[in-house]
>>> print(open('final27.txt').read())   # compact mmCIF, C-alpha atoms
# COMPACT_ATOMS: atom_id res chain seq x y z
CA MET A 28 107.07 95.34 68.46
CA LYS A 29 106.76 99.08 69.04
CA ALA A 30 109.74 101.01 70.30
CA LYS A 31 109.84 102.27 73.86
CA ASN A 32 109.55 105.94 72.89
CA THR A 33 106.59 105.18 70.62
CA PHE A 34 104.61 103.95 73.62
CA LEU A 35 105.47 107.09 75.55
CA LEU A 36 104.38 109.32 72.65
CA LEU A 37 101.09 107.49 72.29
CA LEU A 38 100.35 107.89 75.97
CA CYS A 39 101.03 111.61 75.84
CA LEU A 40 98.60 112.08 72.96
CA ILE A 41 95.59 110.75 74.91
CA PRO A 42 93.61 113.18 77.06
CA CYS A 43 93.51 112.49 80.78
CA GLY A 44 90.39 112.23 82.87
CA ILE A 45 88.39 110.02 80.48
CA MET A 46 87.16 107.87 83.36
CA ALA A 47 86.55 108.88 86.96
CA GLN A 48 88.08 106.78 89.72
CA ILE A 49 85.50 105.77 92.31
CA ASP A 50 87.58 106.90 95.30
CA LYS A 51 87.58 110.69 95.16
CA LYS A 52 90.18 110.74 97.94
CA ALA A 53 92.57 108.35 96.21
CA THR A 54 96.24 109.13 96.72
CA PRO A 55 97.98 111.03 93.91
CA LEU A 56 99.95 107.94 92.88
CA THR A 57 96.77 105.84 92.78
CA LYS A 58 94.99 108.43 90.66
CA GLN A 59 97.92 108.62 88.28
CA LEU A 60 98.12 104.83 87.95
CA TYR A 61 94.44 104.71 87.11
CA THR A 62 94.86 107.43 84.49
CA SER A 63 97.89 105.66 83.02
CA LEU A 64 96.00 102.37 82.74
CA GLN A 65 93.24 104.18 80.85
CA GLN A 66 95.79 105.62 78.48
CA LEU A 67 97.36 102.22 77.92
CA GLN A 68 94.18 100.64 76.55
CA GLY A 69 94.59 99.48 72.98
CA ARG A 70 98.32 100.21 72.95
CA GLY A 71 99.81 97.31 74.86
CA ILE A 72 98.78 94.63 77.33
CA LEU A 73 100.57 94.14 80.63
CA PHE A 74 101.46 90.53 81.42
CA GLY A 75 100.90 89.29 84.96
CA HIS A 76 101.75 86.19 86.97
CA GLN A 77 100.32 85.12 90.33
CA ASP A 78 102.95 84.65 93.06
CA GLY A 79 105.60 84.84 90.36
CA LEU A 80 108.02 86.81 92.55
CA ALA A 81 107.72 84.38 95.47
CA TYR A 82 108.37 80.93 93.99
CA GLY A 83 108.50 78.98 90.75
CA LEU A 84 110.08 76.09 88.90
CA ASN A 85 113.64 75.32 87.95
CA PRO A 86 114.53 74.03 84.46
CA ASP A 87 114.46 70.46 85.82
CA GLY A 88 110.94 71.01 87.17
CA SER A 89 111.93 71.22 90.83
CA ARG A 90 110.61 74.08 92.94
CA TRP A 91 112.44 77.21 94.06
CA THR A 92 111.07 79.59 96.68
CA GLY A 93 111.79 82.96 98.25
CA GLU A 94 114.84 83.93 96.18
CA SER A 95 115.38 87.66 95.88
CA GLY A 96 115.17 89.15 92.40
CA ARG A 97 113.90 85.96 90.82
CA SER A 98 110.82 85.01 88.83
CA ASP A 99 110.25 82.34 86.20
CA ILE A 100 109.36 85.02 83.67
CA LYS A 101 112.61 86.86 84.38
CA THR A 102 114.64 83.67 84.12
CA LEU A 103 113.12 83.10 80.68
CA THR A 104 112.98 86.66 79.32
CA GLY A 105 115.34 88.74 81.42
CA GLU A 106 112.42 90.76 82.83
CA HIS A 107 109.91 90.33 85.62
CA PRO A 108 106.20 90.33 84.74
CA ALA A 109 104.59 93.78 84.62
CA VAL A 110 101.83 92.72 87.01
CA ALA A 111 102.48 90.68 90.16
CA GLY A 112 99.47 88.87 91.62
CA TRP A 113 99.14 88.08 95.33
CA ASP A 114 96.50 86.62 97.62
CA LEU A 115 95.60 87.74 101.14
CA GLY A 116 93.95 84.50 102.22
CA HIS A 117 94.69 83.72 105.91
CA LEU A 118 95.62 87.31 106.68
CA GLU A 119 92.23 87.41 108.42
CA LEU A 120 93.39 84.52 110.65
CA ASP A 121 96.53 86.39 111.79
CA SER A 122 98.69 83.83 110.02
CA THR A 123 102.25 84.82 109.13
CA SER A 124 101.83 83.24 105.66
CA ASN A 125 99.00 83.16 103.17
CA LEU A 126 97.06 80.08 102.14
CA ASP A 127 99.73 79.20 99.54
CA GLY A 128 102.58 79.50 102.01
CA VAL A 129 103.84 82.96 101.01
CA PRO A 130 104.97 84.88 104.12
CA PHE A 131 103.13 88.19 104.35
CA GLU A 132 106.38 89.95 105.15
CA LEU A 133 107.90 88.59 101.94
CA MET A 134 104.76 89.66 100.07
CA ARG A 135 105.10 93.16 101.49
CA GLN A 136 108.72 93.38 100.38
CA ARG A 137 108.02 92.10 96.88
CA ILE A 138 105.06 94.46 96.37
CA ILE A 139 107.22 97.45 97.32
CA GLU A 140 110.05 96.23 95.07
CA GLN A 141 107.63 95.75 92.18
CA HIS A 142 106.40 99.30 92.62
CA GLN A 143 109.93 100.68 92.74
CA ARG A 144 110.63 98.98 89.40
CA GLY A 145 107.55 100.64 87.90
CA GLY A 146 105.31 97.57 87.97
CA ILE A 147 101.87 96.87 89.44
CA SER A 148 100.57 94.45 92.05
CA THR A 149 97.08 92.98 92.38
CA LEU A 150 95.47 91.47 95.47
CA SER A 151 92.84 88.75 95.57
CA TRP A 152 91.47 87.38 98.86
CA HIS A 153 90.54 83.74 99.39
CA LEU A 154 89.37 84.42 102.91
CA ASN A 155 87.91 81.82 105.23
CA ASN A 156 84.23 81.99 106.05
CA PRO A 157 83.45 84.85 108.48
CA ILE A 158 80.53 82.93 109.99
CA ASP A 159 82.75 79.95 110.81
CA PRO A 160 86.48 80.79 110.50
CA SER A 161 87.37 77.09 110.58
CA LYS A 162 85.75 76.80 107.15
CA THR A 163 87.83 77.69 104.09
CA THR A 164 86.80 79.77 101.10
CA TRP A 165 85.53 76.56 99.49
CA ASP A 166 83.59 75.27 102.52
CA LYS A 167 80.29 76.91 101.78
CA VAL A 168 78.44 77.85 104.95
CA GLU A 169 75.05 78.66 103.49
CA SER A 170 73.65 82.19 103.69
CA THR A 171 76.96 83.72 104.79
CA ILE A 172 76.39 87.02 103.01
CA PRO A 173 72.74 87.36 104.11
CA ARG A 174 73.82 86.73 107.72
CA ILE A 175 76.58 89.34 107.55
CA LEU A 176 74.12 91.85 106.13
CA SER A 177 71.43 91.18 108.73
CA ASP A 178 73.29 90.20 111.91
CA LYS A 179 75.29 92.89 113.70
CA THR A 180 77.66 90.45 115.40
CA ALA A 181 78.46 88.66 112.15
CA ARG A 182 78.97 92.01 110.44
CA ARG A 183 81.33 93.26 113.16
CA ASN A 184 83.36 90.06 112.91
CA TYR A 185 83.63 90.47 109.15
CA GLN A 186 84.58 94.13 109.46
CA ALA A 187 87.34 93.18 111.89
CA TRP A 188 88.79 91.08 109.06
CA LEU A 189 88.49 94.04 106.70
CA SER A 190 90.47 96.10 109.18
CA LYS A 191 93.33 93.62 108.89
CA VAL A 192 93.30 94.02 105.13
CA ALA A 193 93.37 97.78 105.58
CA GLN A 194 96.35 97.55 107.93
CA PHE A 195 98.29 95.45 105.43
CA VAL A 196 97.47 97.72 102.49
CA GLN A 197 98.39 100.82 104.47
CA SER A 198 101.73 99.29 105.46
CA LEU A 199 102.87 99.26 101.84
CA ARG A 200 104.99 102.39 101.56
CA ASP A 201 107.89 103.21 99.30
CA PRO A 202 110.79 103.61 101.74
CA GLN A 203 112.33 106.37 99.62
CA SER A 204 109.30 108.59 99.01
CA GLY A 205 107.19 107.47 101.96
CA GLU A 206 104.17 107.29 99.67
CA LEU A 207 101.64 104.46 99.77
CA VAL A 208 101.95 101.90 96.99
CA PRO A 209 98.86 101.77 94.73
CA LEU A 210 97.33 98.32 94.18
CA ILE A 211 94.48 96.66 92.34
CA PHE A 212 92.17 94.93 94.84
CA ARG A 213 89.94 92.16 93.44
CA PRO A 214 87.68 90.73 96.15
CA TYR A 215 84.90 88.15 95.82
CA HIS A 216 85.88 87.04 92.35
CA GLU A 217 84.41 84.27 90.17
CA HIS A 218 81.01 84.86 91.75
CA THR A 219 79.12 83.70 88.66
CA GLY A 220 80.20 80.25 89.84
CA SER A 221 79.32 78.76 93.23
CA TRP A 222 82.54 77.16 94.52
CA PHE A 223 83.18 80.03 96.98
CA TRP A 224 80.90 81.02 99.85
CA TRP A 225 80.10 84.27 98.02
CA GLY A 226 79.08 82.46 94.81
CA ALA A 227 75.85 82.74 92.85
CA ASP A 228 74.02 79.88 94.59
CA HIS A 229 74.66 81.29 98.07
CA CYS A 230 73.20 84.79 97.86
CA SER A 231 70.88 86.81 95.65
CA PRO A 232 72.23 89.38 93.17
CA GLU A 233 70.96 92.17 95.40
CA GLU A 234 72.67 90.69 98.47
CA TYR A 235 75.97 90.35 96.63
CA GLN A 236 75.72 93.97 95.51
CA ARG A 237 74.96 95.19 99.04
CA PHE A 238 77.82 93.13 100.44
CA TRP A 239 80.25 94.52 97.86
CA ARG A 240 79.19 98.13 98.51
CA MET A 241 79.42 97.64 102.27
CA THR A 242 82.96 96.27 101.87
CA ILE A 243 84.19 99.13 99.69
CA ASN A 244 82.51 101.76 101.88
CA TYR A 245 84.06 100.29 105.02
CA LEU A 246 87.57 100.35 103.56
CA ARG A 247 87.26 103.86 102.18
CA LYS A 248 85.21 105.59 104.87
CA LYS A 249 85.98 103.73 108.10
CA GLU A 250 89.55 102.60 107.47
CA LYS A 251 90.55 105.54 105.24
CA VAL A 252 92.12 103.27 102.63
CA HIS A 253 92.82 105.36 99.53
CA ASN A 254 95.50 103.45 97.60
CA LEU A 255 93.29 100.84 95.96
CA ILE A 256 91.85 100.43 92.48
CA TYR A 257 88.81 98.15 92.83
CA ALA A 258 88.28 95.30 90.35
CA TYR A 259 84.99 93.48 89.75
CA SER A 260 85.80 90.05 88.33
CA THR A 261 83.44 87.23 87.33
CA ASP A 262 84.10 83.73 86.09
CA ARG A 263 82.69 82.57 82.74
CA PHE A 264 79.56 84.47 81.68
CA ASN A 265 77.12 83.93 78.83
CA SER A 266 75.92 87.47 78.06
CA PRO A 267 76.45 91.09 79.15
CA GLU A 268 73.26 90.78 81.19
CA HIS A 269 74.68 87.76 83.01
CA TYR A 270 77.93 89.61 83.64
CA LEU A 271 76.18 92.65 85.08
CA GLU A 272 73.59 90.74 87.12
CA ARG A 273 75.58 91.24 90.35
CA TYR A 274 77.50 94.35 89.33
CA PRO A 275 77.48 96.78 92.29
CA GLY A 276 77.25 99.90 90.14
CA ASP A 277 79.68 102.28 88.50
CA ARG A 278 80.44 104.06 91.79
CA PHE A 279 81.83 100.84 93.28
CA ALA A 280 84.23 99.44 90.66
CA ASP A 281 87.14 100.89 88.71
CA LEU A 282 88.03 97.86 86.61
CA ILE A 283 85.92 95.07 85.16
CA GLY A 284 87.32 91.70 84.21
CA PHE A 285 86.82 87.96 84.31
CA ASP A 286 88.63 84.71 85.07
CA ILE A 287 88.74 81.91 82.52
CA TYR A 288 90.79 78.70 82.44
CA HIS A 289 91.47 76.51 79.43
CA ARG A 290 90.76 72.83 80.00
CA ASN A 291 90.80 69.70 77.85
CA ALA A 292 93.37 71.07 75.41
CA PRO A 293 94.08 70.61 72.55
CA SER A 294 90.65 69.25 71.57
CA SER A 295 88.97 72.31 73.08
CA ASN A 296 91.33 74.91 71.59
CA GLU A 297 89.01 76.23 68.91
CA GLN A 298 85.98 76.43 71.21
CA PHE A 299 88.00 78.06 73.99
CA VAL A 300 89.23 80.77 71.65
CA LYS A 301 85.73 81.36 70.30
CA ASP A 302 84.07 81.52 73.72
CA THR A 303 86.72 83.62 75.39
CA ARG A 304 86.96 86.00 72.44
CA GLN A 305 83.22 86.55 72.70
CA MET A 306 83.53 87.38 76.39
CA VAL A 307 86.41 89.77 75.68
CA THR A 308 84.28 91.49 73.03
CA TRP A 309 81.40 91.89 75.47
CA LEU A 310 83.80 93.14 78.13
CA LYS A 311 85.18 95.76 75.76
CA GLU A 312 81.66 96.99 75.01
CA MET A 313 80.75 97.10 78.70
CA GLY A 314 84.00 98.89 79.49
CA LYS A 315 83.12 101.63 77.05
CA GLU A 316 79.52 101.87 78.23
CA HIS A 317 80.42 101.99 81.93
CA ARG A 318 83.72 103.85 81.43
CA LYS A 319 85.86 101.18 83.09
CA ILE A 320 89.24 99.70 82.32
CA THR A 321 89.23 95.97 81.55
CA ALA A 322 91.39 92.89 82.14
CA ILE A 323 91.51 89.12 82.03
CA THR A 324 92.15 88.84 85.73
CA GLU A 325 93.04 85.13 85.81
CA THR A 326 93.64 82.64 83.05
CA GLY A 327 95.86 79.77 82.06
CA LEU A 328 96.24 76.24 80.79
CA GLU A 329 97.60 73.98 83.51
CA GLN A 330 101.13 72.80 82.61
CA VAL A 331 100.77 74.74 79.31
CA THR A 332 100.44 71.47 77.44
CA VAL A 333 100.03 73.13 74.02
CA ALA A 334 103.47 74.23 72.78
CA ASN A 335 102.12 77.17 70.76
CA TRP A 336 99.40 78.12 73.25
CA TRP A 337 100.55 81.72 73.60
CA THR A 338 100.57 82.66 69.92
CA ASN A 339 97.75 80.40 68.72
CA VAL A 340 95.29 80.52 71.62
CA VAL A 341 95.96 83.60 73.77
CA ALA A 342 96.95 85.99 70.98
CA PRO A 343 93.73 85.61 68.94
CA ILE A 344 91.72 86.23 72.10
CA ILE A 345 93.41 89.46 73.12
CA GLN A 346 94.13 91.19 69.81
CA GLY A 347 92.12 94.39 69.49
CA SER A 348 90.66 93.85 72.94
CA ASP A 349 91.67 97.06 74.79
CA LEU A 350 92.53 94.86 77.78
CA THR A 351 94.78 96.49 80.35
CA TYR A 352 96.39 93.27 81.54
CA VAL A 353 96.23 89.49 81.38
CA LEU A 354 97.34 87.48 84.42
CA VAL A 355 98.10 83.76 84.48
CA TRP A 356 97.93 81.71 87.67
CA ARG A 357 100.78 80.50 89.81
CA ASN A 358 103.64 78.07 89.23
CA GLY A 359 102.92 76.16 92.41
CA ARG A 360 104.16 72.64 91.72
CA PRO A 361 105.66 70.58 88.88
CA ASP A 362 102.11 69.35 88.14
CA HIS A 363 100.37 72.67 88.73
CA TYR A 364 101.76 75.68 86.85
CA TYR A 365 100.55 78.19 84.27
CA ALA A 366 103.56 80.26 83.14
CA PRO A 367 106.52 79.01 81.11
CA TYR A 368 110.01 78.57 82.48
CA PRO A 369 113.26 77.55 80.77
CA SER A 370 112.92 74.05 79.24
CA GLN A 371 109.12 74.16 79.42
CA PRO A 372 107.71 73.21 75.98
CA SER A 373 105.91 76.54 75.39
CA ALA A 374 108.86 78.72 76.43
CA GLN A 375 109.98 79.66 72.92
CA ASP A 376 106.42 80.37 71.88
CA PHE A 377 106.02 82.69 74.87
CA LEU A 378 109.06 84.67 73.75
CA GLU A 379 107.48 85.07 70.30
CA PHE A 380 104.19 86.04 71.92
CA VAL A 381 105.84 88.83 73.93
CA ALA A 382 107.79 90.08 70.92
CA SER A 383 104.92 90.06 68.43
CA PHE A 384 101.76 91.17 70.24
CA ASN A 385 102.65 94.27 72.29
CA ILE A 386 102.88 92.27 75.50
CA LEU A 387 104.54 94.41 78.15
CA LEU A 388 106.89 93.03 80.76
CA GLU A 389 108.90 94.98 83.31
CA ASN A 390 111.17 97.09 81.10
CA LYS A 391 108.58 98.61 78.79
CA THR A 392 106.21 99.07 81.71
CA ALA A 393 108.86 100.97 83.67
CA ALA A 394 109.50 103.16 80.62
CA LEU A 395 105.84 104.17 80.59
CA ASN A 396 106.18 105.79 84.03
CA LEU A 397 102.73 104.68 85.09
CA PHE A 398 102.99 106.56 88.39
CA LYS A 399 104.16 109.89 86.97
CA LYS A 400 102.29 112.65 85.13
>>> encode(input="final27.txt", output="structure tokens")
Amino acid sequence: MKAKNTFLLLLCLIPCGIMAQIDKKATPLTKQLYTSLQQLQGRGILFGHQDGLAYGLNPDGSRWTGESGRSDIKTLTGEHPAVAGWDLGHLELDSTSNLDGVPFELMRQRIIEQHQRGGISTLSWHLNNPIDPSKTTWDKVESTIPRILSDKTARRNYQAWLSKVAQFVQSLRDPQSGELVPLIFRPYHEHTGSWFWWGADHCSPEEYQRFWRMTINYLRKKEKVHNLIYAYSTDRFNSPEHYLERYPGDRFADLIGFDIYHRNAPSSNEQFVKDTRQMVTWLKEMGKEHRKITAITETGLEQVTVANWWTNVVAPIIQGSDLTYVLVWRNGRPDHYYAPYPSQPSAQDFLEFVASFNILLENKTAALNLFKK
């Protein structure tokens, strides 16, 4: 494991401005975070956990929720994850809590606290269907995106939802400095699959691209949102051409990544490593070609049923990858979790993983001063 000051020295040796952020009016803190993430590539990988600061599992497997200063990663390691993942689903419905029961006010507090500790937050959005708000993300009203693009009423309804996202994002201010908190925003993810209404079977590549560009333009130009880093994130893909089929263009994404979940372990371990490593290799090549930072934006093995999963499955995938971060999904229930906690069979292996493979949690991330020049 490299010493804290070694990381700082390495960051200082790398020239700034290698990649251009797509929002030319981005806030100073957002610009600096983007530059810092560029500089981090190849020198350490931030570890992230979805909803990890909102709820988790006790050593006996029971659930805890809403406790201040707690996360399962901190209980195990003494540090919070470097990246905190959150979802905005149901914000568009004016709900007080998101689709997983996290109060938006609690989310706001935790995002600000994460920033004050020097960490990062990411936002996904499992929004209901704008054509029929009674339908969830997974209830696929056909031709949703084409209708939004072609019908003014449908488009205005969708843009009203975007305005609610903008209001939430612009409410995230550091109470000490008054500055807006920078975030990574990852909308319309896993679109190479078709389980969401924006998936591959429900719109053409060109329609997806137009929809993406319209969304980003509305947030930046109409709502004046300038504290977001935009992430384009697929599910499994079988070639660079497949990955880029719906890519909106270099002027509309700052980060490229993908989601991948490990299933049928341990019999699938070898194939999962091989397949995911190939995708990581392609992603690294595309990141260099398109001058984008990269990440595994969601991953995990449900219940982490392989005791050495972190060092024998994840580590071979990410070594030499130039990934900025890897985020595992939430610890939602005793039968549905993706990060270790004390007494969980892979807990000791996770500690070895963090110690041996330049995996950054809260303390080393804070020492990097990602938001300062």
>>> closest_residue(input="final27.txt", among="A:Ser266, A:Asn335, A:Ser294, A:Gln197", to="Phe380 (chain A)", atoms="all atoms listed in the file")
A:Asn335
>>> residues_around(input="final27.txt", residues="Ser383 (chain A)", least_positions_apart="5", cutoff="12 Å", atoms="all atoms listed in the file", output="ChimeraX atom specification")
/A:28-29,71-72,337-338,342,346,376-378
>>> atom_distance(input="final27.txt", atom1="CA of Asp121 (chain A)", atom2="CA of Tyr257 (chain A)")
23.6 Å
>>> closest_atom_pairs(input="final27.txt", of="region 151-186 of chain A", to="region 214-237 of chain A", cutoff="6 Å", atoms="all atoms listed in the file", output="JSON lines")
{"residue": "A:Ser151", "atom": "CA", "partner": "A:Pro214", "partner_atom": "CA", "distance": 5.6}
{"residue": "A:Trp152", "atom": "CA", "partner": "A:Pro214", "partner_atom": "CA", "distance": 5.7}
{"residue": "A:Thr164", "atom": "CA", "partner": "A:Phe223", "partner_atom": "CA", "distance": 5.5}
{"residue": "A:Trp165", "atom": "CA", "partner": "A:Phe223", "partner_atom": "CA", "distance": 4.9}
{"residue": "A:Lys167", "atom": "CA", "partner": "A:Trp224", "partner_atom": "CA", "distance": 4.6}
{"residue": "A:Ser170", "atom": "CA", "partner": "A:His229", "partner_atom": "CA", "distance": 5.8}
>>> closest_residue(input="final27.txt", among="A:Gly88, A:Gly359, A:Pro108, A:Gly96", to="Val381 (chain A)", atoms="all atoms listed in the file")
A:Pro108
>>> closest_residue(input="final27.txt", among="A:Asn358, A:Asn390, A:Thr57, A:Gln141", to="Asn85 (chain A)", atoms="all atoms listed in the file")
A:Asn358
>>> atom_distance(input="final27.txt", atom1="CA of Asp349 (chain A)", atom2="CA of Trp309 (chain A)")
11.5 Å
>>> closest_residue(input="final27.txt", among="A:Phe264, A:Phe131, A:Trp239, A:Tyr368", to="Arg97 (chain A)", atoms="only C-alpha atoms")
A:Tyr368
>>> closest_residue(input="final27.txt", among="A:Thr321, A:Thr242, A:Asn265, A:Asn385", to="Ala187 (chain A)", atoms="only C-alpha atoms")
A:Thr242
>>> residues_around(input="final27.txt", residues="Lys58 (chain A)", least_positions_apart="4", cutoff="9 Å", atoms="only C-alpha atoms", output="list in words")
Gln48, Asp50, Lys51, Ala53, Thr54, Thr62, Ser63, Pro209, Asn254, Ile256 and Phe398 of chain A
>>> atom_distance(input="final27.txt", atom1="CA of Tyr352 (chain A)", atom2="CA of Arg137 (chain A)")
19.3 Å
>>> closest_residue(input="final27.txt", among="A:Pro293, A:Gly276, A:Pro367, A:Gly112", to="Ile147 (chain A)", atoms="only C-alpha atoms")
A:Gly112
>>> residues_around(input="final27.txt", residues="Ala322 (chain A)", least_positions_apart="3", cutoff="8 Å", atoms="only C-alpha atoms", output="NGL selection string")
:A and (282-285 or 350-353)
>>> residues_near_point(input="final27.txt", point="(104.3, 95.1, 82.9)", cutoff="8 Å", atoms="only C-alpha atoms", output="ChimeraX atom specification")
/A:72-75,107-110,146-147,387-393
>>> decode(input="final27.txt", residues="region 126-135 of chain A", atoms="all heavy atoms", output="mmCIF file, in the first residue's frame")
data_model
loop_
_atom_site.group_PDB
_atom_site.id
_atom_site.type_symbol
_atom_site.label_atom_id
_atom_site.label_comp_id
_atom_site.auth_asym_id
_atom_site.auth_seq_id
_atom_site.Cartn_x
_atom_site.Cartn_y
_atom_site.Cartn_z
ATOM 1 N N LEU A 126 -37.170 5.682 -4.036
ATOM 2 C CA LEU A 126 -37.814 4.393 -4.264
ATOM 3 C C LEU A 126 -37.309 3.305 -3.322
ATOM 4 O O LEU A 126 -37.968 2.269 -3.173
ATOM 5 C CB LEU A 126 -37.656 3.950 -5.714
ATOM 6 C CG LEU A 126 -36.322 3.395 -6.205
ATOM 7 C CD1 LEU A 126 -36.495 2.786 -7.600
ATOM 8 C CD2 LEU A 126 -35.219 4.429 -6.230
ATOM 9 N N ASP A 127 -36.170 3.511 -2.675
ATOM 10 C CA ASP A 127 -35.648 2.554 -1.698
ATOM 11 C C ASP A 127 -35.874 3.016 -0.264
ATOM 12 O O ASP A 127 -35.291 2.447 0.666
ATOM 13 C CB ASP A 127 -34.158 2.316 -1.949
ATOM 14 C CG ASP A 127 -33.900 1.626 -3.280
ATOM 15 O OD1 ASP A 127 -34.634 0.661 -3.583
ATOM 16 O OD2 ASP A 127 -32.994 2.045 -4.014
ATOM 17 N N GLY A 128 -36.712 4.033 -0.095
ATOM 18 C CA GLY A 128 -37.083 4.468 1.245
ATOM 19 C C GLY A 128 -36.133 5.435 1.911
ATOM 20 O O GLY A 128 -36.279 5.718 3.110
ATOM 21 N N VAL A 129 -35.161 5.982 1.175
ATOM 22 C CA VAL A 129 -34.231 6.948 1.757
ATOM 23 C C VAL A 129 -34.860 8.339 1.688
ATOM 24 O O VAL A 129 -35.159 8.824 0.586
ATOM 25 C CB VAL A 129 -32.890 6.957 1.005
ATOM 26 C CG1 VAL A 129 -31.951 7.996 1.611
ATOM 27 C CG2 VAL A 129 -32.253 5.574 1.034
ATOM 28 N N PRO A 130 -35.089 9.001 2.812
ATOM 29 C CA PRO A 130 -35.646 10.355 2.768
ATOM 30 C C PRO A 130 -34.708 11.297 2.000
ATOM 31 O O PRO A 130 -33.488 11.266 2.201
ATOM 32 C CB PRO A 130 -35.749 10.747 4.244
ATOM 33 C CG PRO A 130 -35.785 9.449 4.986
ATOM 34 C CD PRO A 130 -34.910 8.525 4.199
ATOM 35 N N PHE A 131 -35.267 12.115 1.145
ATOM 36 C CA PHE A 131 -34.425 13.032 0.371
ATOM 37 C C PHE A 131 -33.711 14.033 1.267
ATOM 38 O O PHE A 131 -32.598 14.466 0.949
ATOM 39 C CB PHE A 131 -35.248 13.739 -0.704
ATOM 40 C CG PHE A 131 -35.586 12.843 -1.859
ATOM 41 C CD1 PHE A 131 -36.890 12.428 -2.080
ATOM 42 C CD2 PHE A 131 -34.594 12.390 -2.722
ATOM 43 C CE1 PHE A 131 -37.207 11.586 -3.144
ATOM 44 C CE2 PHE A 131 -34.900 11.545 -3.781
ATOM 45 C CZ PHE A 131 -36.199 11.142 -3.997
ATOM 46 N N GLU A 132 -34.318 14.389 2.384
ATOM 47 C CA GLU A 132 -33.631 15.299 3.293
ATOM 48 C C GLU A 132 -32.410 14.620 3.911
ATOM 49 O O GLU A 132 -31.354 15.248 4.072
ATOM 50 C CB GLU A 132 -34.587 15.790 4.379
ATOM 51 C CG GLU A 132 -33.978 16.810 5.329
ATOM 52 C CD GLU A 132 -33.381 18.019 4.607
ATOM 53 O OE1 GLU A 132 -33.984 18.500 3.625
ATOM 54 O OE2 GLU A 132 -32.288 18.464 5.019
ATOM 55 N N LEU A 133 -32.546 13.330 4.266
ATOM 56 C CA LEU A 133 -31.392 12.593 4.774
ATOM 57 C C LEU A 133 -30.315 12.482 3.689
ATOM 58 O O LEU A 133 -29.114 12.639 3.968
ATOM 59 C CB LEU A 133 -31.822 11.194 5.228
ATOM 60 C CG LEU A 133 -30.692 10.287 5.735
ATOM 61 C CD1 LEU A 133 -30.134 10.811 7.052
ATOM 62 C CD2 LEU A 133 -31.177 8.854 5.898
ATOM 63 N N MET A 134 -30.734 12.206 2.464
ATOM 64 C CA MET A 134 -29.796 12.120 1.349
ATOM 65 C C MET A 134 -29.032 13.436 1.198
ATOM 66 O O MET A 134 -27.807 13.438 1.025
ATOM 67 C CB MET A 134 -30.553 11.795 0.064
ATOM 68 C CG MET A 134 -29.678 11.485 -1.127
ATOM 69 S SD MET A 134 -30.642 11.234 -2.660
ATOM 70 C CE MET A 134 -31.740 9.885 -2.176
ATOM 71 N N ARG A 135 -29.749 14.535 1.263
ATOM 72 C CA ARG A 135 -29.108 15.848 1.151
ATOM 73 C C ARG A 135 -28.045 16.024 2.238
ATOM 74 O O ARG A 135 -26.914 16.447 1.970
ATOM 75 C CB ARG A 135 -30.159 16.946 1.244
ATOM 76 C CG ARG A 135 -29.605 18.349 1.118
ATOM 77 C CD ARG A 135 -30.693 19.411 1.262
ATOM 78 N NE ARG A 135 -31.558 19.434 0.092
ATOM 79 C CZ ARG A 135 -32.800 18.980 0.056
ATOM 80 N NH1 ARG A 135 -33.344 18.433 1.155
ATOM 81 N NH2 ARG A 135 -33.525 19.046 -1.041
#
